[in-house]
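These notes concern the structure reproduced below.
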Amino acid sequence: EDDSFTRQLISNALEQQGFRVSSCDNAAAAIDLVRSIEPHVLVSDLDLGKGATGLDLMRLVNREFPWVGLVAISAHSTSMLVGEGSLPEGTPYLVKSAIKDLSEIGAAIQLTLSELAGDKQEKSKDDKQAGVFFVTQAQAETLRLLAQGLTNQSIAEVRGTSLRAAETIIVRTYLSLGLSRESKRNNRVEAVSLWRQGKVMV
């Protein structure tokens with residue numbers, strides 16, 4: 001969202017609804033954030049002022065990070081009024097003037113998360129039976145660094161992210177490998193073991 005007041009308003013509302021939020025005001029910064037922290041869902045206005053539009057941003061994220069959910073917000077009744085092309089199929093579209101309560105944005109996020117979880121469960125059934133786990137490119141890179149024995153801080157430095165972002169992607173990598181936080185076994189060792197056994201694919 002390029003308007004600072006609106007951006008802060010939405011961020012605060014989502015945080016009050018229990019979401020962890022990172023925000024920015026243009027498409028380039030948003031891409032950097034996606035690459036850095038791999039959010040579960042990207043929420044974006046479609047009109048971001050000069051430069052790339054939110055429409056451009058969402059198509060790029062859908063192409064390069066298909067595991068990231070999308071929610072579009074706009075002052076326009078249709079995305080066609082913002083730029084050429086269309087939104088990725090299934091993207092929730094909220095018109096600002098029709099939003100009566102900011103909880104509607106949270107509801108759209110929850111819907112997107114539910115649909116993503118459903119897709120992952122269907123896709124993972126056969127993979128689990130074969131003992132194979134699929135991870136994202138960033139998670140694969142994180143596993144490679146874990147296998148080299150790097151600390152969380154070193155992984156953050158190599159990936160050019162904050163320690164918090166590095167810790168977040170490590171936890172998500174464990175989850176992608178079916179490793180529970182409550183496990184009595186060492187998730188770091190288990191993850192590296194799966195990697196070395198060739199049971200991890202991108």
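In the structure tokens, chains take letters A, B, ... by order of appearance, with residues numbered from 1 within each chain and ligands from 1 in the order shown.
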- Based on DSSP run over this structure's backbone, return all residues of stretch 14-190 of chain A in strand (DSSP E), as a ChimeraX atom specification. /A:41-45,69-74,93-95,133-134
I'd like a table as a Markdown table: residues in stretch 38-85 of chain A with an atom no more than 7 Å from stretch 26-29 of chain A, each row giving the shortest atom pair and its distance in Å to one decimal, only C-alpha atoms counted, sorted by chain and rising residue number.
```
| residue | atom | partner | partner_atom | distance |
| --- | --- | --- | --- | --- |
| A:Leu48 | CA | A:Asn26 | CA | 6.0 |
| A:Ala52 | CA | A:Ala27 | CA | 6.0 |
| A:Thr53 | CA | A:Ala27 | CA | 6.7 |
| A:Gly54 | CA | A:Ala27 | CA | 6.5 |
| A:Leu57 | CA | A:Ala27 | CA | 5.8 |
```
Convert the current residue selection to file output with C-alpha atoms, as a compact mmCIF listing (two decimals), in the first residue's frame.
```
# COMPACT_ATOMS: atom_id res chain seq x y z
CA LEU A 48 0.95 1.59 -6.11
CA ALA A 52 5.16 -1.48 -11.16
CA THR A 53 1.54 -2.00 -10.14
CA GLY A 54 0.21 -4.40 -7.54
CA LEU A 57 3.61 -7.69 -8.31
```
- Item | Top pick for closest residue to A:Gly106, considering A:Val43, A:Arg59, A:Arg196, A:Ile31 and counting only C-alpha atoms |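 Between A:Val43, A:Arg59, A:Arg196, A:Ile31, the residue approaching A:Gly106 most closely is A:Val43.
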- Message: Between A:Ala138, A:Val68, A:Ile73, A:Ile105, which residue has the minimum interatomic distance to A:Ser44, considering only C-alpha atoms?
- Response: A:Ile73
- Message: Need to verify the contact set: A:Val61, 12 Å, only C-alpha atoms, exclusion of same-chain residues closer than 5 positions in sequence. Can you return it as a ChimeraX atom specification?
- Response: /A:27-28,30-35,38-44,54-56,66-71,87-88
- Can you list, as an NGL selection string, all residues belonging to stretch 7-195 of chain A that DSSP tags as alpha helix (DSSP H)? :A and (7-16 or 27-37 or 54-64 or 103-129 or 137-147 or 152-159 or 163-176 or 187-195)
- Query: Looking at A:Val132, A:Leu9, A:Val21, A:Leu143, which one is nearest to A:Val200, with distances taken over only C-alpha atoms?
  - Reply: A:Val132
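Atom pair atom CA of A:Leu177 / atom CA of A:Gly198: separated by 12.4 Å.
Taking atom CA of A:Ala98 as the reference point, atom CA of A:Ser11 is found at 18.6 Å.
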- Message: I need the residue nearest A:Tyr93 from this list: A:Glu64, A:Glu157, A:Asp45, A:Glu115. Use only C-alpha atoms for the distance.
- Response: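 Closest to A:Tyr93, using only C-alpha atoms: A:Asp45.
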- Closest to A:Leu14 among A:Ala165, A:Leu102, A:Leu175, A:Leu146, using only C-alpha atoms?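 Using only C-alpha atoms, the shortest distance to A:Leu14 belongs to A:Leu102.
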